[in-house]
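Q: protein.tsv (TSV, C-alpha atoms) pasted underneath:
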chain	number	residue	atom	x	y	z
O	1	VAL	CA	160.35	170.87	91.17
O	2	ILE	CA	158.98	174.38	90.78
O	3	GLY	CA	160.96	177.37	89.53
O	4	THR	CA	160.17	180.93	90.61
O	5	GLY	CA	161.90	184.29	90.99
O	6	TYR	CA	163.55	186.58	88.48
O	7	GLY	CA	165.50	183.81	86.78
O	8	ARG	CA	162.61	181.38	86.41
O	9	GLN	CA	162.24	181.75	82.65
O	10	ARG	CA	165.84	180.61	82.15
O	11	LEU	CA	165.31	177.35	84.01
O	12	PRO	CA	165.14	174.14	81.94
O	13	PHE	CA	161.73	173.31	83.43
O	14	PRO	CA	158.44	172.65	81.61
O	15	LYS	CA	155.98	175.53	81.56
O	16	GLU	CA	153.77	173.93	84.21
O	17	SER	CA	156.72	173.86	86.61
O	18	ILE	CA	157.16	177.66	86.57
O	19	ARG	CA	155.30	179.99	88.94
O	20	SER	CA	155.60	183.74	89.40
O	21	GLU	CA	156.77	185.21	92.69
O	22	ILE	CA	153.35	186.81	93.06
O	23	LEU	CA	151.58	183.46	93.05
O	24	CYS	CA	154.18	181.93	95.36
O	25	HIS	CA	154.05	184.74	97.91
O	26	GLY	CA	150.25	184.65	97.91
O	27	LEU	CA	150.09	180.92	98.56
O	28	GLY	CA	152.98	180.96	101.04
O	29	ALA	CA	151.40	183.74	103.09
O	30	HIS	CA	148.04	181.93	103.05
O	31	HIS	CA	149.67	178.72	104.29
O	32	GLN	CA	151.37	180.52	107.19
O	33	PHE	CA	148.30	182.62	108.04
O	34	PRO	CA	145.16	181.01	106.55
O	35	ASP	CA	142.96	184.08	107.10
O	36	THR	CA	145.28	186.28	105.02
O	37	ARG	CA	143.49	188.30	102.34
O	38	THR	CA	146.14	190.95	101.57
O	39	VAL	CA	149.88	190.39	101.17
O	40	LEU	CA	152.62	193.01	100.91
O	41	ASP	CA	156.03	191.75	99.81
O	42	ILE	CA	158.95	194.18	99.90
O	43	GLY	CA	162.13	192.47	98.78
O	44	GLY	CA	165.44	193.54	97.38
O	45	GLN	CA	164.29	193.95	93.79
O	46	ASP	CA	160.63	194.94	93.89
O	47	THR	CA	157.48	195.56	95.89
O	48	LYS	CA	154.30	193.53	95.38
O	49	ALA	CA	150.80	194.21	96.73
O	50	ILE	CA	148.70	191.05	96.43
O	51	GLN	CA	145.09	190.13	97.15
O	52	VAL	CA	144.24	186.45	97.71
O	53	ASP	CA	141.07	184.44	98.26
O	54	ASP	CA	140.36	181.90	101.00
O	55	ARG	CA	142.46	179.28	99.18
O	56	GLY	CA	145.50	181.51	98.77
O	57	ILE	CA	144.85	182.06	95.06
O	58	VAL	CA	145.77	185.53	93.76
O	59	THR	CA	142.77	187.62	92.75
O	60	SER	CA	144.60	190.89	91.97
O	61	PHE	CA	148.00	192.49	92.39
O	62	GLN	CA	150.11	195.57	91.75
O	63	MET	CA	153.88	195.55	91.42
O	64	ASN	CA	156.67	198.13	91.36
O	65	ASP	CA	159.73	196.63	89.67
O	66	ARG	CA	161.02	199.58	87.63
O	67	CYS	CA	162.31	201.79	90.41
O	68	ALA	CA	164.42	201.01	93.47
O	69	ALA	CA	162.78	203.64	95.67
O	70	GLY	CA	160.24	201.28	97.21
O	71	CYS	CA	162.33	198.21	97.95
O	72	GLY	CA	165.45	196.83	99.60
O	73	ARG	CA	167.84	198.32	97.04
O	74	TYR	CA	166.75	201.75	98.22
O	75	LEU	CA	167.69	200.90	101.80
O	76	GLY	CA	171.00	199.47	100.61
O	77	TYR	CA	171.73	202.69	98.76
O	78	ILE	CA	170.90	204.79	101.83
O	79	ALA	CA	173.02	202.54	104.05
O	80	ASP	CA	175.99	203.06	101.73
O	81	GLU	CA	175.43	206.83	101.76
O	82	MET	CA	175.49	206.80	105.57
O	83	SER	CA	178.33	204.25	105.89
O	84	LEU	CA	176.05	201.89	107.79
O	85	GLY	CA	174.96	198.29	107.44
O	86	VAL	CA	171.42	197.74	106.13
O	87	HIS	CA	170.60	195.92	109.37
O	88	GLU	CA	171.41	199.11	111.33
O	89	LEU	CA	168.92	201.37	109.55
O	90	GLY	CA	165.71	200.14	111.18
O	91	PRO	CA	166.95	200.16	114.79
O	92	MET	CA	168.47	203.62	114.29
O	93	ALA	CA	165.23	204.99	112.80
O	94	MET	CA	163.34	203.66	115.83
O	95	LYS	CA	165.26	206.16	117.96
O	96	SER	CA	163.75	209.05	116.04
O	97	GLU	CA	162.13	211.93	117.92
O	98	ARG	CA	160.43	213.39	114.85
O	99	HIS	CA	159.94	212.44	111.20
O	100	VAL	CA	161.84	214.41	108.59
O	101	LYS	CA	159.68	214.51	105.47
O	102	ILE	CA	161.50	213.11	102.45
O	103	THR	CA	160.08	214.54	99.24
O	104	SER	CA	162.23	212.77	96.64
O	105	THR	CA	160.78	209.58	95.17
O	106	CYS	CA	163.90	208.74	93.15
O	107	THR	CA	166.71	206.85	94.88
O	108	VAL	CA	169.44	209.08	93.46
O	109	PHE	CA	167.60	212.27	94.39
O	110	ALA	CA	166.81	210.86	97.83
O	111	GLY	CA	170.56	210.41	98.34
O	112	ALA	CA	171.11	214.04	97.45
O	113	GLU	CA	168.32	215.11	99.80
O	114	LEU	CA	169.82	212.94	102.53
O	115	ARG	CA	173.21	214.65	102.19
O	116	ASP	CA	171.56	218.06	102.18
O	117	ARG	CA	169.61	217.36	105.36
O	118	LEU	CA	172.66	215.93	107.11
O	119	SER	CA	174.65	219.03	106.19
O	120	ASN	CA	171.87	221.15	107.72
O	121	GLY	CA	172.37	219.39	111.02
O	122	GLN	CA	169.30	217.19	111.10
O	123	ARG	CA	169.63	213.97	113.07
O	124	GLN	CA	170.35	210.71	111.26
O	125	GLU	CA	167.63	208.99	113.26
O	126	ASP	CA	164.97	211.50	112.20
O	127	ILE	CA	166.03	211.39	108.54
O	128	LEU	CA	165.93	207.59	108.54
O	129	ALA	CA	162.44	207.59	110.09
O	130	GLY	CA	161.32	209.83	107.23
O	131	LEU	CA	162.96	207.57	104.65
O	132	HIS	CA	161.22	204.49	106.02
O	133	ARG	CA	157.88	206.28	105.98
O	134	ALA	CA	158.52	207.32	102.36
O	135	ILE	CA	159.13	203.67	101.39
O	136	ILE	CA	155.91	202.52	103.02
O	137	LEU	CA	153.92	205.39	101.48
O	138	ARG	CA	154.91	204.04	98.05
O	139	ALA	CA	153.82	200.57	99.14
O	140	MET	CA	150.49	201.98	100.35
O	141	SER	CA	149.85	203.33	96.87
O	142	LEU	CA	150.34	199.84	95.41
O	143	LEU	CA	148.09	198.34	98.06
O	144	ALA	CA	145.33	200.85	97.27
O	145	ARG	CA	145.51	200.06	93.55
O	146	SER	CA	145.45	196.32	94.20
O	147	GLY	CA	142.23	196.54	96.21
O	148	GLY	CA	143.14	197.96	99.60
O	149	VAL	CA	144.11	196.30	102.88
O	150	HIS	CA	141.81	193.57	104.14
O	151	ASP	CA	141.88	191.68	107.40
O	152	GLU	CA	144.12	189.70	107.76
O	153	PHE	CA	147.18	191.37	106.26
O	154	THR	CA	150.58	189.66	105.87
O	155	PHE	CA	153.93	191.41	105.34
O	156	THR	CA	156.62	189.32	103.63
O	157	GLY	CA	160.12	189.79	102.24
O	158	GLY	CA	163.37	190.97	103.79
O	159	VAL	CA	162.07	194.45	104.65
O	160	ALA	CA	159.52	192.80	106.96
O	161	ASN	CA	162.49	192.22	109.29
O	162	ASN	CA	163.06	195.98	109.56
O	163	PRO	CA	161.32	197.33	112.71
O	164	ALA	CA	161.04	200.90	111.40
O	165	ALA	CA	159.36	199.71	108.19
O	166	VAL	CA	156.95	197.57	110.22
O	167	LEU	CA	156.11	200.51	112.51
O	168	ALA	CA	155.48	202.84	109.55
O	169	LEU	CA	153.30	200.19	107.91
O	170	ARG	CA	151.22	199.67	111.05
O	171	GLN	CA	150.70	203.40	111.43
O	172	LEU	CA	149.77	204.06	107.80
O	173	VAL	CA	147.45	201.06	107.56
O	174	GLU	CA	145.61	202.16	110.70
O	175	GLU	CA	145.41	205.76	109.43
O	176	ASN	CA	143.95	204.66	106.08
O	177	TYR	CA	142.02	201.45	106.83
O	178	GLY	CA	141.52	201.26	110.57
O	179	GLN	CA	142.52	198.31	112.74
O	180	ARG	CA	143.92	195.36	110.80
O	181	THR	CA	145.64	192.19	111.95
O	182	LEU	CA	149.21	192.39	110.63
O	183	ASN	CA	151.03	189.06	110.33
O	184	ILE	CA	154.80	188.75	109.99
O	185	SER	CA	156.50	185.37	109.97
O	186	ALA	CA	159.97	184.99	111.48
O	187	GLY	CA	160.88	183.35	108.16
O	188	SER	CA	159.32	186.09	105.99
O	189	ILE	CA	162.18	185.97	103.47
O	190	TYR	CA	161.25	182.36	102.66
O	191	THR	CA	157.55	182.95	101.98
O	192	GLY	CA	157.98	182.76	98.20
O	193	ALA	CA	160.02	179.56	98.45
O	194	LEU	CA	157.35	178.07	100.71
O	195	GLY	CA	154.66	178.94	98.17
O	196	ALA	CA	156.67	177.30	95.38
O	197	ALA	CA	157.05	174.14	97.47
O	198	LEU	CA	153.31	174.11	98.10
O	199	PHE	CA	152.60	174.36	94.37
O	200	CYS	CA	154.94	171.42	93.94
O	201	MET	CA	153.12	169.41	96.60
O	202	ARG	CA	149.73	170.19	95.05
O	203	ALA	CA	150.95	168.99	91.65
O	204	HIS	CA	152.24	165.77	93.25
O	205	GLU	CA	148.92	165.19	95.02
O	206	ALA	CA	147.00	165.83	91.80
O	207	ARG	CA	149.06	163.21	89.97
O	208	ASP	CA	148.45	160.70	92.74
O	209	ALA	CA	144.72	161.34	92.59
O	210	ALA	CA	144.57	161.01	88.79
Any chance you could put this one into structure tokens?

A:
Amino acid sequence: VIGTGYGRQRLPFPKESIRSEILCHGLGAHHQFPDTRTVLDIGGQDTKAIQVDDRGIVTSFQMNDRCAAGCGRYLGYIADEMSLGVHELGPMAMKSERHVKITSTCTVFAGAELRDRLSNGQRQEDILAGLHRAIILRAMSLLARSGGVHDEFTFTGGVANNPAAVLALRQLVEENYGQRTLNISAGSIYTGALGAALFCMRAHEARDAA
């Protein structure tokens, strides 16, 4: 067995049976798309920008885990503010006719800005498009600090299922790095679990070979 995720240190496993989410997402993305060199994971709790080598081993990373503004919790907060389901945000933002620039980087302040813009008569769809772009702009900063966006590039985590986030990511990557192959697995939320299973399999194979 391999333990990963936020609760991994509380598991009654030996040290060698614990792997960080960063390592697991890197290896999982590499297994799904072997030419992957850059991985972006946006989940409910954090955002991770990861660089991997041709074996799926992490070479560098940057992580935002101290603020909700760049991850799924931010979208959950906005959905609550708008009395919508999280699954409705992306499709609604795709109907936007123009982006409303969101200047607040704090989730609480973004909520206040959202209410202000709604009261001024701006369309929900346009506001949501701006919010999604703001999320991805924060992710782009992490990607830049981790080493940039290399070909191929894999997007993992629950937010990879959000079409407006994917569109904003494609646009911003092309604006900043040119054409890149962007991979998204239908099972993107399981990428970390897949990576953990692969670490487990490698350990089993190593024991057999010993």

Q: Give me the residues near Val1 in chain O as a PyMOL selection string, where near means some atom within 12 Å (using only C-alpha atoms) and where sequence neighbours in that chain fewer than 3 positions away do not count.

A: chain O and resi 4+8+11-19+193+196-204

Q: Mind dumping a table of every range 105-164 of chain O residue within 9 Å of range 78-88 of chain O, with the nearest atom pair and its distance in Å to one decimal, using only C-alpha atoms, sorted by chain and rising number, as a tab-separated table?

A:
residue	atom	partner	partner_atom	distance
O:Thr107	CA	O:Ile78	CA	8.4
O:Ala110	CA	O:Ile78	CA	8.3
O:Gly111	CA	O:Ile78	CA	6.6
O:Leu114	CA	O:Ile78	CA	8.3
O:Arg115	CA	O:Glu81	CA	8.1
O:Gln124	CA	O:Met82	CA	8.6
O:Leu128	CA	O:Ile78	CA	8.8
O:Leu131	CA	O:Ile78	CA	8.9
O:Asn161	CA	O:His87	CA	8.9
O:Asn162	CA	O:His87	CA	7.5

Q: Leaving out range 169-178 of chain O and any residue of its chain fewer than 5 positions from it, which residues lie within 9 Å of it when counting only C-alpha atoms, given as a list in words?

A: Arg133, Ile136, Leu137, Ala139, Met140, Gly148, Val149, His150 and Ala164 of chain O

Q: To one decimal place in Å, what is the distance between CA of Ala160 in chain O and CA of Val58 in chain O?

A: 20.4 Å

Q: Work out how far CA of Asn64 in chain O is from CA of Phe109 in chain O, in Å to one decimal.

A: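 One can read the CA of Phe109 in chain O to CA of Asn64 in chain O distance as 18.1 Å.
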
Q: Taking all atoms listed in the file into account, name the residue in O:Arg98, O:Arg180, O:Arg145, O:Arg207 that is nearest to Gln51 in chain O.

A: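 Ranking O:Arg98, O:Arg180, O:Arg145, O:Arg207 by distance to Gln51 in chain O, first place goes to O:Arg145.
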
Q: For the atom pair CA of Leu75 in chain O and CA of Ile135 in chain O, what is the interatomic distance in Å to one decimal place?

A: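 These two atoms are separated by 9.0 Å.
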
Q: Env of Asp46 in chain O: 12 Å cut, atoms = all atoms listed in the file, seq-sep filter 3 positions within chain, self excluded. Answer as a tab-separated table (two decimals) with C-alpha atoms, in the frame of the given file.

A:
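Final output, result-v7.tsv:
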chain	number	residue	atom	x	y	z
O	5	GLY	CA	161.90	184.29	90.99
O	6	TYR	CA	163.55	186.58	88.48
O	21	GLU	CA	156.77	185.21	92.69
O	22	ILE	CA	153.35	186.81	93.06
O	40	LEU	CA	152.62	193.01	100.91
O	41	ASP	CA	156.03	191.75	99.81
O	42	ILE	CA	158.95	194.18	99.90
O	43	GLY	CA	162.13	192.47	98.78
O	49	ALA	CA	150.80	194.21	96.73
O	62	GLN	CA	150.11	195.57	91.75
O	63	MET	CA	153.88	195.55	91.42
O	64	ASN	CA	156.67	198.13	91.36
O	65	ASP	CA	159.73	196.63	89.67
O	66	ARG	CA	161.02	199.58	87.63
O	67	CYS	CA	162.31	201.79	90.41
O	68	ALA	CA	164.42	201.01	93.47
O	69	ALA	CA	162.78	203.64	95.67
O	70	GLY	CA	160.24	201.28	97.21
O	71	CYS	CA	162.33	198.21	97.95
O	72	GLY	CA	165.45	196.83	99.60
O	73	ARG	CA	167.84	198.32	97.04
O	74	TYR	CA	166.75	201.75	98.22
O	135	ILE	CA	159.13	203.67	101.39
O	138	ARG	CA	154.91	204.04	98.05
O	139	ALA	CA	153.82	200.57	99.14
O	142	LEU	CA	150.34	199.84	95.41
O	156	THR	CA	156.62	189.32	103.63
O	157	GLY	CA	160.12	189.79	102.24
O	158	GLY	CA	163.37	190.97	103.79
O	159	VAL	CA	162.07	194.45	104.65

Q: Which residue is closest to Thr103 in chain O? Choose from O:Asp151, O:Arg117, O:Gln9, O:Gly195 and count all atoms listed in the file.

A: O:Arg117

Q: Around (144.4, 188.9, 111.4) in the file's own coordinates, what residues are found within 8 Å if you use only C-alpha atoms, given back as an MDAnalysis selection string?

A: chainID O and resid 35:36 151:153 180:183

Q: With distances taken over only C-alpha atoms, which residue among O:Arg37, O:Ala129, O:Gly192, O:Gly121 lies nearest Lys101 in chain O?

A: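 Among the listed residues, the smallest separation from Lys101 in chain O belongs to O:Ala129.
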
Q: Which neighbours of Ile57 in chain O fall inside 8 Å, counting all atoms listed in the file, when residues of the same chain fewer than 5 positions from it are skipped, and could you give them as number ranges by chain?

A: O: 23, 26-27, 52

Q: Nearest to Met94 in chain O among O:Gly76, O:Gly130, O:Thr47, O:Pro163, with distances taken over only C-alpha atoms: which residue is it?

A: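 Residue with the minimum atom-to-atom distance to Met94 in chain O: O:Pro163.
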
Q: Please identify all polymer residues within 6 Å of Lys95 in chain O, counting all atoms listed in the file, omitting same-chain residues fewer than 2 positions from it, and present them as a PyMOL selection string.

A: chain O and resi 92-93+125
